[in-house]
Amino acid sequence: MADLRSDFIGIKSPNPFWLASAPPTDKEYNVRRAYEAGWGGVVWKTLGSEGPPVVNVNGPRYGAIWGADRRLLGLNNIELITDRPLEVNLREMKSVKRDYPDRALIASIMVPCEEEAWKAILPHVEETGADGIELNFGCPHGMAERGMGSAVGQVPEYIEMVTRWCKMYTRMPVIVKLTPNITNVVYPAEAAKRGGADAVSLINTINSITSVDLDLFAPEPTIDGKGTHGGYCGPAVKPIALNMVAEIARNPETHGLPISGIGGVTTWRDAAEFLALGAGNVQVCTAAMTYGFKVVQEMISGLSEYMDEKGLTSVDQLVGRAVPNVTDWNQLNLNYVAKAKIDQDLCISCGRCFAACEDTSHQAIAMSEDRTFTVIEEECVACNLCVNVCPVEDCISMEELAAGTTDLRTGKTVTPDYANWTTHPNNPSVHAVEPAE
Amino acid sequence: MARDVFEPGIVPGRLEPQSYAEGFSDLHPPLDEHEALVAADRCYFCHDAPCMTACPTDIDIPLFIRQIATGTPDAAAKTILSQNILGGMCARVCPTETLCEEVCVREVAEGKPVLIGQLQRYATDHLMAQGVHPFERAAATGKRIAVVGAGPAGLSCAHRLAMLGHDVEIIDARPKPGGLNEYGIAAYKTPNGFAQAEVDWLMQIGGITFRHEVAVGRDVTLDELKADYDAVFLGMGLVGVNALGAEGEDKAGVANAVDFIAELRQASDISGVPIGRDVVVIGGGMTAVDAAVQAKLLGALNVTLVYRRGRDRMNASVFEQDLAASKGVRIVTHAVPIAVHGNGSVREIEFEYVDEAMKGTGQTLRLQADQVFKAIGQTLLGEGLPELDGRKIKVDGTGRTSLEGVWAGGDCASGGDDLTVTAVAEGRDAAMDIHTTLMGAAG
């Protein structure tokens with residue numbers, strides 16, 4: 001059993017699995033259950049300023065999309081920050097932290113974009129014994145309309161400013177939670193770093209409408225005939241989150257800035273992928289909301305088994321291992337040639353690869369009278385679509401052509417030399433340089 | 001060349017050689033990886049899952065299935081084996097249709113449960129194929145415990161005790177360990193020597209020795225064991241076979257179903273096992289079905305299973321009854337044997353039909369038979385045993401008997417169904433109580 005203990009910006013937890021700030025972490029009761037189930041840390045549901053708390057709608061808060069067999073793939077929500085009084089949350093946080101000193105407890109905070117507001121709340125949070133704070137610059141609904149949440153997160157200057165205030169008024173480590181509802185996530189991450197953030201966490205939820213009621217002609221979830229955009233999360237957003245984490249991890253300005261990875265983590269494998277792309281730990285919400293807190297047990301056993309297989313003795317050894325292999329398109333080796341190969345023993349003759357290739361790709365699969373499907377190497381561009389649509393795992397694979405063999409599509413001999421777009425004769429910028437000579 | 005199936009008498013080689021291989025191959029062929037992933041995907045990861053509650057060993061079924069689904073079958077195996085060290089055998093022989101799969105929410109909703117048993121086999125096979133034993137012994141305690149019986153209860157108890165750091169000696173009357181796993185279960189449920197392979201794998205924990213062909217009462221007394229060891233666990237099962245109580249039951253050709261099953265399991269060449277042309281099996285439990293189905297698979301022309309009550313009262317599950325019917329076994333109910341006819345050897349067996357209250361109706365049935373198997377239950381044999389509760393050793397919830405320092409579990413002990421999985425649970429729980437008792441509060 002690998003050692004999963006985690007040290008994220010000085011915050012220790014028995015494993016790198018934290019619950020994200022969200023409905024599952026709104027109350028002492030839930031958080032205690034989470035710790036009992038094995039979660040390494042919890043980011044408490046976002047606290048607001050003192051005074052009357054926000055109110056939530058009294059109709060449905062969540063919308064969803066499903067895969068086959070009604071598997072929940074994506075969830076959106078229009079819930080706001082905690083709707084319970086600040087003092088109640090603070091009292092409960094203190095009580096929980098006292099009883100679970102070995103678990104991480106982070107306070108998520110969202111108060112108006114004014115120095116006094118942040119200065120006022122931070123000492124109260126510090127008193128709870130919380131291990132750190134997370135600045136909620138990501139919530140895309142409700143709060144944004146009041147100048148908070150993603151309204152701050154979409155303006156790098158505000159991020160920098162608020163982060164600086166927090167660093168000024170508390171000794172606690174500061175994590176800045178980023179919204180994906182921007183054009184380039186690198187800019188807010190750089191701003192957080194400039195403001196002195198100890199880490200960033202991402203992604204928060206994505207603006208979304210999950211579906212439309214075609215009788216009411218209203219978006220879902222529908223409240224009295226109307227709907228609004230909500231924050232999208234769950235397995236469906238993972239690819240977007242992975243990319244944003246990787247972009248920050250490989251950007252020279254933010255490389256090395258600790259990242260808490262969030263977005264669709266459902267299994268140990270999802271978590272390992274975030275870690276490999278540079279996240280120091282992961283935060284989870286939708287998986288817990290779908291399957292209950294016990295789901296962390298599979299994450300723990302799976303990550304542990306994977307690390308044992310790889311000979312990794314600490315989580316840190318996995319963090320960022322894939323970052324050097326994330327690159328720009330123009331750095332990809334254009335001399336690398338692969339061809340699809342169909343394993344006839346595994347093929348069940350459904351013909352989906354044929355339909356995909358014949359109708360939408362390169363007509364590189366042949367179909368015989370007896371429904372045998374074979375790759376036409378002269379046409380195959382190795383696009384991978386057949387692999388992706390094949391219902392049988394490992395039935396179709398992409399085989400690399402060895403150097404020295406002939407690519408039947410181009411008639412050229414495969415060379416072992418690396419060459420990318422920047423030097424390719426078809427690249428106009430390569431020619432653009434030539435006339436100057 | 002096979003003999004004529006119409007040839008009367010008890011003879012071997014009734015079928016073509018390949019028929020034996022087909023008939024006695026795996027009842028449920030193992031799932032391949034793709035099938036396992038598809039099957040695992042159907043699990044809803046229920047909260048406080050009914051399947052888990054239904055499992056006598058409380059295996060965390062949703063967790064292990066999720067571990068399969070996420071590509072970590074070895075982690076799944078550890079989840080299974082930490083609760084049930086014979087999880088491999090239970091995956092093969094458990095009547096899942098009356099346990100975990102019966103209460104699966106998808107069985108209730110759709111009539112198609114998640115294939116829990118087959119998924120359990122997938123995970124445990126995956127781990128055992130690597131020869132990996134995932135448990136380690138705790139520091140030696142210096143305590144020695146005698147375990148009587150190397151069946152599911154004894155093996156489970158011994159493994160848990162060894163894991164906790166105790167030294168264990170298993171004593172068994174038979175030449176091979178495994179108990180009913182080795183001698184008492186239909187061959188098609190556990191082919192390819194799995195029972196012995198599982199025992200070998202289990203023994204990798206270390207600290208367990210096996211003394212075979214030693215019977216308590218014959219070669220050693222319980223008092224001697226109590227004197228020589230720090231604790232004794234009795235898991236010797238039920239060795240005696242109930243009599244029919246019918247006139248003429250001592251005639252040749254009348255045998256115990258358990259002996260027939262053991263003979264089959266120990267046969268190096270299954271085609272050499274002789275079988276009658278007209279076989280009658282009396283009983284309504286798993287043993288009766290195992291004997292009847294295997295008689296058919298050996299080439300018996302007519303196999304009739306006769307049970308004294310209705311089908312709904314049979315201990316064999318509906319799945320087992322249907323399996324028997326699908327192999328061509330005729331099931332007769334509400335009939336009790338009254339006489340075995342024949343001149344030296346059985347030729348016919350006579351039954352009287354009874355009503356629901358088991359009262360004779362006066363109507364009789366005579367079945368032609370050259371072989372009769374009795375499968376109407378087994379009994380505890382032995383002297384100087386702890387106090388009994390009815391016909392079994394009286395135990396409390398942790399397996400304690402009336403004698404200090406003596407625990408019991410499995411078929412020989414009161415409480416629970418006579419199932420492999422129940423025996424495993426009782427052996428394990430007794431081991432925990434032995435450990436606590438021997439080590440005191442510090443244990």
# chains A, B, ... in the order shown; residues from 1 in each chain; ligands from 1

$ interface_residues --of "chain A" --to "chain B" --cutoff "9 Å" --atoms "only C-alpha atoms" --output "JSON, numbers by chain"
{"A": [69, 71, 267, 268, 269, 291, 292, 294, 295, 297, 298, 299, 301, 302, 305, 306, 392, 393]}

$ residues_around --residues "Gly131 of chain B" --least-positions-apart "4" --cutoff "10 Å" --atoms "only C-alpha atoms" --output "list of chain:residue names"
B:Asp125, B:His126, B:Leu127, B:Ala197, B:Asp200, B:Trp201, B:Gln204

$ atom_distance --atom1 "atom CA of Ile338 of chain B" --atom2 "atom CA of Leu305 of chain B"
15.4 Å

$ atom_distance --atom1 "atom CA of Val162 of chain A" --atom2 "atom CA of Cys113 of chain A"
7.2 Å

$ select_by_dssp --residues "segment 144-291 of chain B" --states "strand (DSSP E or B)" --output "compact mmCIF listing (two decimals) with C-alpha atoms, in the first residue's frame"
# COMPACT_ATOMS: atom_id res chain seq x y z
CA ARG B 144 -1.04 -22.39 19.41
CA ILE B 145 -4.51 -23.28 18.27
CA ALA B 146 -5.88 -26.58 17.03
CA VAL B 147 -8.41 -26.41 14.21
CA VAL B 148 -10.38 -29.59 13.66
CA ASP B 167 0.37 -20.77 15.15
CA VAL B 168 -2.30 -23.11 13.88
CA GLU B 169 -2.45 -26.84 13.39
CA ILE B 170 -5.29 -28.15 11.27
CA ILE B 171 -6.35 -31.73 11.86
CA ASP B 172 -8.48 -33.49 9.29
CA ILE B 208 -0.43 -23.16 9.49
CA THR B 209 0.45 -26.85 9.55
CA PHE B 210 -1.81 -29.63 8.33
CA ARG B 211 -2.09 -33.10 9.90
CA HIS B 212 -4.13 -35.26 7.60
CA VAL B 216 -10.87 -36.59 16.62
CA VAL B 220 -6.94 -37.99 19.30
CA ALA B 231 -7.63 -23.04 22.06
CA VAL B 232 -9.54 -25.49 19.89
CA PHE B 233 -11.85 -24.74 16.97
CA LEU B 234 -14.21 -27.49 15.87
CA GLY B 240 -22.83 -39.13 9.29
CA VAL B 241 -25.49 -39.71 6.67
CA GLU B 247 -37.28 -51.46 4.15
CA ALA B 252 -26.34 -53.21 -3.03
CA VAL B 254 -27.95 -47.96 -2.46
CA ALA B 255 -25.26 -45.44 -1.59
CA ASN B 256 -24.71 -42.08 0.04
CA ILE B 275 -23.09 -45.09 -12.95
CA ASP B 278 -31.71 -45.86 -13.83
CA VAL B 279 -30.68 -43.64 -10.97
CA VAL B 280 -32.88 -42.36 -8.18
CA VAL B 281 -31.71 -39.60 -5.86
CA ILE B 282 -33.63 -38.99 -2.66

$ closest_residue --among "B:Glu213, B:Glu107, B:Asp219, B:Asp269" --to "Ala173 of chain B" --atoms "only C-alpha atoms"
B:Glu213

$ residues_around --residues "segment 434-440 of chain B" --least-positions-apart "4" --cutoff "10 Å" --atoms "only C-alpha atoms" --output "list in words"
Thr141, Lys143, Ile145, Cys157, Arg160, Leu161, Leu164, Gly165, His166, Asp230, Ala231, Val232, Phe233, Thr398, Gly399, Arg400, Gly405, Val406, Trp407, Arg428, Asp429 and Ala430 of chain B

$ closest_residue --among "A:Ser397, A:Ser21, A:Thr410, A:Thr313" --to "Glu377 of chain A" --atoms "only C-alpha atoms"
A:Thr410

$ select_by_dssp --residues "segment 286-413 of chain B" --states "helix (DSSP H, G or I)" --output "list in words"
Met286, Thr287, Ala288, Val289, Asp290, Ala291, Ala292, Val293, Gln294, Ala295, Lys296, Leu297, Arg311, Asp312, Arg313, Val318, Phe319, Glu320, Gln321, Asp322, Leu323, Ala324, Ala325, Ser326, Gly410, Asp411 and Cys412 of chain B

$ residues_around --residues "segment 314-316 of chain A" --least-positions-apart "6" --cutoff "12 Å" --atoms "only C-alpha atoms" --output "ChimeraX atom specification"
/A:1-9,13-17,258,271-272,274-282,300,303-304,306-308

$ write_last_selection --atoms "N, CA and C atoms" --output "compact mmCIF listing (two decimals), in the first residue's frame"
# COMPACT_ATOMS: atom_id res chain seq x y z
N MET A 1 0.86 -1.20 0.00
CA MET A 1 0.00 0.00 0.00
C MET A 1 0.88 1.24 0.00
N ALA A 2 0.78 1.99 -1.07
CA ALA A 2 1.62 3.17 -1.21
C ALA A 2 1.24 4.22 -0.15
N ASP A 3 2.22 5.08 0.15
CA ASP A 3 1.98 6.16 1.11
C ASP A 3 1.29 7.30 0.38
N LEU A 4 0.04 7.54 0.71
CA LEU A 4 -0.73 8.57 -0.01
C LEU A 4 -0.72 9.90 0.72
N ARG A 5 0.03 10.01 1.80
CA ARG A 5 -0.01 11.26 2.56
C ARG A 5 0.37 12.44 1.67
N SER A 6 -0.32 13.52 1.89
CA SER A 6 -0.18 14.65 1.00
C SER A 6 0.21 15.89 1.80
N ASP A 7 1.11 16.66 1.21
CA ASP A 7 1.47 17.95 1.78
C ASP A 7 1.30 18.98 0.67
N PHE A 8 0.18 19.69 0.73
CA PHE A 8 -0.12 20.67 -0.31
C PHE A 8 0.05 22.05 0.29
N ILE A 9 0.98 22.79 -0.19
CA ILE A 9 1.37 24.11 0.34
C ILE A 9 1.41 24.13 1.87
N SER A 13 -2.58 16.23 4.71
CA SER A 13 -3.78 15.40 4.77
C SER A 13 -3.37 13.96 4.48
N PRO A 14 -4.15 13.00 5.01
CA PRO A 14 -3.74 11.59 4.87
C PRO A 14 -3.80 11.10 3.42
N ASN A 15 -4.49 11.81 2.57
CA ASN A 15 -4.50 11.46 1.15
C ASN A 15 -4.79 12.72 0.36
N PRO A 16 -4.56 12.68 -0.95
CA PRO A 16 -4.71 13.91 -1.73
C PRO A 16 -6.15 14.15 -2.20
N PHE A 17 -7.10 13.46 -1.60
CA PHE A 17 -8.50 13.61 -2.04
C PHE A 17 -9.24 14.54 -1.08
N PRO A 258 1.65 25.79 -7.14
CA PRO A 258 0.85 24.61 -6.77
C PRO A 258 -0.60 24.74 -7.28
N ALA A 271 -8.03 11.09 -10.88
CA ALA A 271 -7.16 11.81 -9.95
C ALA A 271 -5.71 11.71 -10.40
N ALA A 272 -5.29 10.51 -10.78
CA ALA A 272 -3.89 10.31 -11.22
C ALA A 272 -3.59 11.17 -12.44
N PHE A 274 -4.96 14.11 -13.22
CA PHE A 274 -4.78 15.49 -12.75
C PHE A 274 -3.40 15.67 -12.11
N LEU A 275 -3.01 14.70 -11.29
CA LEU A 275 -1.71 14.80 -10.61
C LEU A 275 -0.60 14.80 -11.65
N ALA A 276 -0.70 13.90 -12.63
CA ALA A 276 0.35 13.82 -13.65
C ALA A 276 0.46 15.11 -14.44
N LEU A 277 -0.65 15.81 -14.59
CA LEU A 277 -0.63 17.07 -15.34
C LEU A 277 -0.28 18.26 -14.46
N GLY A 278 0.13 17.99 -13.24
CA GLY A 278 0.67 19.09 -12.44
C GLY A 278 -0.13 19.45 -11.20
N ALA A 279 -1.27 18.84 -10.98
CA ALA A 279 -2.03 19.15 -9.77
C ALA A 279 -1.35 18.49 -8.57
N GLY A 280 -1.27 19.21 -7.46
CA GLY A 280 -0.65 18.66 -6.26
C GLY A 280 -1.62 17.81 -5.45
N ASN A 281 -2.91 18.08 -5.65
CA ASN A 281 -3.95 17.23 -5.06
C ASN A 281 -5.20 17.42 -5.92
N VAL A 282 -6.30 16.77 -5.53
CA VAL A 282 -7.53 16.95 -6.31
C VAL A 282 -8.68 17.26 -5.37
N ILE A 300 -8.74 5.79 -3.15
CA ILE A 300 -7.58 5.50 -2.31
C ILE A 300 -6.93 4.18 -2.73
N LEU A 303 -5.44 4.48 -6.47
CA LEU A 303 -4.22 5.28 -6.61
C LEU A 303 -3.04 4.57 -5.95
N SER A 304 -3.34 3.96 -4.81
CA SER A 304 -2.30 3.24 -4.09
C SER A 304 -1.75 2.08 -4.93
N TYR A 306 -1.88 1.75 -8.18
CA TYR A 306 -1.17 2.29 -9.34
C TYR A 306 0.24 2.75 -8.95
N MET A 307 0.34 3.43 -7.82
CA MET A 307 1.65 3.92 -7.39
C MET A 307 2.58 2.75 -7.07
N ASP A 308 2.04 1.71 -6.45
CA ASP A 308 2.85 0.52 -6.19
C ASP A 308 3.36 -0.09 -7.49

$ residues_around --residues "Thr420 of chain B" --least-positions-apart "6" --cutoff "12 Å" --atoms "only C-alpha atoms" --output "PDB file with N, CA and C atoms, in the first residue's frame"
ATOM      1  N   CYS B  55     -24.942 -10.959   2.139  1.00  0.00           N
ATOM      2  CA  CYS B  55     -23.747 -11.817   2.128  1.00  0.00           C
ATOM      3  C   CYS B  55     -23.397 -12.216   3.550  1.00  0.00           C
ATOM      4  N   PRO B  56     -23.359 -13.522   3.851  1.00  0.00           N
ATOM      5  CA  PRO B  56     -23.017 -13.933   5.220  1.00  0.00           C
ATOM      6  C   PRO B  56     -21.640 -13.428   5.658  1.00  0.00           C
ATOM      7  N   THR B  57     -20.732 -13.187   4.713  1.00  0.00           N
ATOM      8  CA  THR B  57     -19.406 -12.686   5.111  1.00  0.00           C
ATOM      9  C   THR B  57     -19.304 -11.172   4.981  1.00  0.00           C
ATOM     10  N   ASN B  84     -13.596 -12.487   3.276  1.00  0.00           N
ATOM     11  CA  ASN B  84     -13.884 -13.888   2.979  1.00  0.00           C
ATOM     12  C   ASN B  84     -12.679 -14.480   2.268  1.00  0.00           C
ATOM     13  N   ILE B  85     -11.853 -15.177   3.032  1.00  0.00           N
ATOM     14  CA  ILE B  85     -10.585 -15.669   2.485  1.00  0.00           C
ATOM     15  C   ILE B  85     -10.829 -16.753   1.422  1.00  0.00           C
ATOM     16  N   LEU B  86     -12.005 -17.368   1.451  1.00  0.00           N
ATOM     17  CA  LEU B  86     -12.341 -18.339   0.406  1.00  0.00           C
ATOM     18  C   LEU B  86     -13.270 -17.699  -0.627  1.00  0.00           C
ATOM     19  N   GLY B  87     -13.049 -16.418  -0.877  1.00  0.00           N
ATOM     20  CA  GLY B  87     -13.879 -15.690  -1.844  1.00  0.00           C
ATOM     21  C   GLY B  87     -13.841 -16.305  -3.231  1.00  0.00           C
ATOM     22  N   GLY B  88     -12.745 -16.971  -3.567  1.00  0.00           N
ATOM     23  CA  GLY B  88     -12.650 -17.622  -4.874  1.00  0.00           C
ATOM     24  C   GLY B  88     -13.629 -18.786  -4.981  1.00  0.00           C
ATOM     25  N   MET B  89     -13.662 -19.618  -3.932  1.00  0.00           N
ATOM     26  CA  MET B  89     -14.577 -20.757  -3.964  1.00  0.00           C
ATOM     27  C   MET B  89     -16.026 -20.288  -3.844  1.00  0.00           C
ATOM     28  N   CYS B  90     -16.247 -19.321  -2.967  1.00  0.00           N
ATOM     29  CA  CYS B  90     -17.622 -18.844  -2.783  1.00  0.00           C
ATOM     30  C   CYS B  90     -18.158 -18.237  -4.080  1.00  0.00           C
ATOM     31  N   ALA B  91     -17.277 -17.616  -4.844  1.00  0.00           N
ATOM     32  CA  ALA B  91     -17.709 -17.049  -6.126  1.00  0.00           C
ATOM     33  C   ALA B  91     -18.227 -18.147  -7.050  1.00  0.00           C
ATOM     34  N   ARG B  92     -17.738 -19.358  -6.843  1.00  0.00           N
ATOM     35  CA  ARG B  92     -18.135 -20.486  -7.694  1.00  0.00           C
ATOM     36  C   ARG B  92     -19.346 -21.236  -7.163  1.00  0.00           C
ATOM     37  N   VAL B  93     -19.410 -21.381  -5.829  1.00  0.00           N
ATOM     38  CA  VAL B  93     -20.422 -22.287  -5.279  1.00  0.00           C
ATOM     39  C   VAL B  93     -21.544 -21.603  -4.513  1.00  0.00           C
ATOM     40  N   CYS B  94     -21.388 -20.329  -4.225  1.00  0.00           N
ATOM     41  CA  CYS B  94     -22.460 -19.657  -3.482  1.00  0.00           C
ATOM     42  C   CYS B  94     -23.762 -19.699  -4.278  1.00  0.00           C
ATOM     43  N   PRO B  95     -24.868 -19.992  -3.628  1.00  0.00           N
ATOM     44  CA  PRO B  95     -26.158 -19.833  -4.321  1.00  0.00           C
ATOM     45  C   PRO B  95     -26.497 -18.342  -4.363  1.00  0.00           C
ATOM     46  N   THR B  96     -25.794 -17.608  -5.210  1.00  0.00           N
ATOM     47  CA  THR B  96     -25.957 -16.147  -5.265  1.00  0.00           C
ATOM     48  C   THR B  96     -27.405 -15.776  -5.566  1.00  0.00           C
ATOM     49  N   GLY B 151     -12.126 -27.901   6.311  1.00  0.00           N
ATOM     50  CA  GLY B 151     -13.136 -27.400   5.373  1.00  0.00           C
ATOM     51  C   GLY B 151     -13.198 -25.883   5.430  1.00  0.00           C
ATOM     52  N   PRO B 152     -14.226 -25.317   4.830  1.00  0.00           N
ATOM     53  CA  PRO B 152     -14.333 -23.851   4.773  1.00  0.00           C
ATOM     54  C   PRO B 152     -14.246 -23.172   6.138  1.00  0.00           C
ATOM     55  N   ALA B 153     -14.935 -23.724   7.145  1.00  0.00           N
ATOM     56  CA  ALA B 153     -14.909 -23.093   8.467  1.00  0.00           C
ATOM     57  C   ALA B 153     -13.500 -23.144   9.053  1.00  0.00           C
ATOM     58  N   GLY B 154     -12.894 -24.338   8.988  1.00  0.00           N
ATOM     59  CA  GLY B 154     -11.561 -24.514   9.564  1.00  0.00           C
ATOM     60  C   GLY B 154     -10.506 -23.686   8.859  1.00  0.00           C
ATOM     61  N   LEU B 155     -10.546 -23.683   7.531  1.00  0.00           N
ATOM     62  CA  LEU B 155      -9.549 -22.919   6.766  1.00  0.00           C
ATOM     63  C   LEU B 155      -9.684 -21.426   7.041  1.00  0.00           C
ATOM     64  N   SER B 156     -10.923 -20.966   7.087  1.00  0.00           N
ATOM     65  CA  SER B 156     -11.163 -19.550   7.338  1.00  0.00           C
ATOM     66  C   SER B 156     -10.666 -19.156   8.722  1.00  0.00           C
ATOM     67  N   GLY B 178      -9.566 -29.160   2.510  1.00  0.00           N
ATOM     68  CA  GLY B 178     -10.613 -28.557   1.670  1.00  0.00           C
ATOM     69  C   GLY B 178     -12.007 -28.905   2.133  1.00  0.00           C
ATOM     70  N   GLY B 179     -12.128 -30.037   2.826  1.00  0.00           N
ATOM     71  CA  GLY B 179     -13.464 -30.433   3.284  1.00  0.00           C
ATOM     72  C   GLY B 179     -14.418 -30.590   2.117  1.00  0.00           C
ATOM     73  N   LEU B 180     -15.614 -30.054   2.271  1.00  0.00           N
ATOM     74  CA  LEU B 180     -16.615 -30.217   1.213  1.00  0.00           C
ATOM     75  C   LEU B 180     -16.187 -29.517  -0.082  1.00  0.00           C
ATOM     76  N   ASN B 181     -15.340 -28.499   0.006  1.00  0.00           N
ATOM     77  CA  ASN B 181     -14.848 -27.866  -1.230  1.00  0.00           C
ATOM     78  C   ASN B 181     -14.121 -28.885  -2.097  1.00  0.00           C
ATOM     79  N   GLU B 182     -13.442 -29.810  -1.415  1.00  0.00           N
ATOM     80  CA  GLU B 182     -12.644 -30.807  -2.139  1.00  0.00           C
ATOM     81  C   GLU B 182     -13.446 -32.081  -2.394  1.00  0.00           C
ATOM     82  N   GLY B 184     -17.100 -32.473  -1.592  1.00  0.00           N
ATOM     83  CA  GLY B 184     -18.565 -32.482  -1.500  1.00  0.00           C
ATOM     84  C   GLY B 184     -19.326 -31.605  -2.466  1.00  0.00           C
ATOM     85  N   ILE B 185     -18.654 -31.038  -3.457  1.00  0.00           N
ATOM     86  CA  ILE B 185     -19.337 -30.120  -4.365  1.00  0.00           C
ATOM     87  C   ILE B 185     -19.196 -30.631  -5.792  1.00  0.00           C
ATOM     88  N   GLY B 235     -14.495 -27.606  13.493  1.00  0.00           N
ATOM     89  CA  GLY B 235     -15.158 -27.316  12.214  1.00  0.00           C
ATOM     90  C   GLY B 235     -15.153 -28.566  11.355  1.00  0.00           C
ATOM     91  N   GLY B 237     -17.592 -30.443  10.374  1.00  0.00           N
ATOM     92  CA  GLY B 237     -18.716 -30.719   9.486  1.00  0.00           C
ATOM     93  C   GLY B 237     -19.583 -31.847   9.989  1.00  0.00           C
ATOM     94  N   MET B 286     -28.849 -29.196  -2.043  1.00  0.00           N
ATOM     95  CA  MET B 286     -27.775 -29.032  -3.026  1.00  0.00           C
ATOM     96  C   MET B 286     -27.094 -30.354  -3.328  1.00  0.00           C
ATOM     97  N   GLY B 409     -17.735 -23.936  14.510  1.00  0.00           N
ATOM     98  CA  GLY B 409     -18.385 -23.211  13.417  1.00  0.00           C
ATOM     99  C   GLY B 409     -18.555 -24.114  12.209  1.00  0.00           C
ATOM    100  N   GLY B 410     -19.277 -23.632  11.248  1.00  0.00           N
ATOM    101  CA  GLY B 410     -19.549 -24.425  10.052  1.00  0.00           C
ATOM    102  C   GLY B 410     -20.735 -25.341  10.270  1.00  0.00           C
ATOM    103  N   ASP B 411     -20.838 -26.367   9.435  1.00  0.00           N
ATOM    104  CA  ASP B 411     -22.020 -27.230   9.464  1.00  0.00           C
ATOM    105  C   ASP B 411     -22.227 -27.944  10.794  1.00  0.00           C
ATOM    106  N   GLU B 426     -18.390 -17.985   9.945  1.00  0.00           N
ATOM    107  CA  GLU B 426     -18.332 -18.476  11.326  1.00  0.00           C
ATOM    108  C   GLU B 426     -16.903 -18.781  11.756  1.00  0.00           C
ATOM    109  N   GLY B 427     -16.115 -19.322  10.843  1.00  0.00           N
ATOM    110  CA  GLY B 427     -14.712 -19.598  11.156  1.00  0.00           C
ATOM    111  C   GLY B 427     -13.951 -18.307  11.444  1.00  0.00           C
TER     112      GLY B 427
END
